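Peer 1: One structure is given below, represented as structure tokens, and several questions about it will come after.
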Amino acid sequence: MEILQQVQHEEKRIYSPKRVFTEVKERVSILEYAETLTGLRRYGEGSWLGRCPLPSHEDKTPSFVVYEDGQAHCYGCLFHGDVVDLYQAVEGLEKPSHAAGELAVAHGIELGDRTDGWRRWQSEKGQILDAAEEVRKQSFRRRSFRLLVLPYLDGAGADEIKAAWGDYEAGLREYGR
Ligand SMILES: [Zn+2]
């Protein structure tokens with residue numbers, strides 16, 4: 001609720017992928033995100049070690065290091081990147097903008113205005129943020145939420161966003177809360 005009020009009081013801004021990237025990297029901790037994926041222990045000054053969380057890497061001996069400066073590196077599969085890169089790799093998303101956009105919504109960071117569909121999006125924002133609160137808890141909701149967010153990030157029009165909402169709400173009805 002607090003997040004929603006905060007968002008409603010922010011001035012309307014135009015969607016800028018660059019700004020969203022910057023804000024996500026400033027405000028979303030790679031360490032906190034990585035801890036939701038894998039067990040981490042102190043490795044050295046400002047760094048933590050655990051098994052690699054990437055689906056493509058079966059890491060038998062821990063080789064994944066998270067640095068408190070916002071980067072992660074895997075000495076097994078040679079993944080290297082920031083929180084957006086890590087989220088993209090873990091979630092198997094096609095575009096970095098999708099990863100940044102999902103992280104932004106999940107953390108209450110304003111995406112901004114973009115298309116004609118935005119007016120509807122704005123009016124539904126309360127519901128979207130409520131959904132975002134739930135989204136990390138269940139894989140179904142994560143998938144359905146993605147159906148909702150990605151068309152927006154790709155600049156979908158009002159009809160596509162309306163259709164995505166229909167799919168999302170139908171999914172919620174079918175699978176329950
Ligand atoms: Zn790895």
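If you're wondering about the labels, chains in the structure tokens are A, B, ... by order shown, residues count from 1 in each chain, ligands from 1 in order shown.
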Would you list the residues that come within 7 Å of ligand 1? Count only C-alpha atoms and all ligand atoms and give the answer as a ChimeraX atom specification.

Peer 2: /A:52-54,57,59,63-64,74-79

Peer 1: Identify all residues of range 5-96 of chain A in alpha helix (DSSP H) (DSSP on the backbone) and supply them as a PyMOL selection string.

Peer 2: chain A and resi 5-9+17-27+30-35+83-91+96

Peer 1: Rounded to one decimal, what separation in Å do you get between CA of Ala72 in chain A and CA of Gly108 in chain A?

Peer 2: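 Computed distance, CA of Ala72 in chain A to CA of Gly108 in chain A, equals 23.5 Å.
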
Peer 1: For range 83-97 of chain A, please output as a VMD selection string all residues within 9 Å (counting only C-alpha atoms; exclusion window: fewer than 4 positions along the same chain).

Peer 2: chain A and resid 17 to 18 20 to 21 24 to 25 28 to 31 33 to 34 37 53 to 56 70 to 72 79 101 to 103 153 to 154

Peer 1: Restricting the calculation to only C-alpha atoms, which member of A:Leu111, A:Val105, A:Leu148, A:Val65 is positioned closest to Glu160 in chain A?

Peer 2: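 Result for the nearest residue to Glu160 in chain A: A:Leu148.
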
Peer 1: May I ask which of the residues A:Arg19, A:Glu26, A:Pro62, A:Ala164 is the closest one to Gly39 in chain A, counting only C-alpha atoms?

Peer 2: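 Using only C-alpha atoms, Gly39 in chain A sits closest to A:Pro62.
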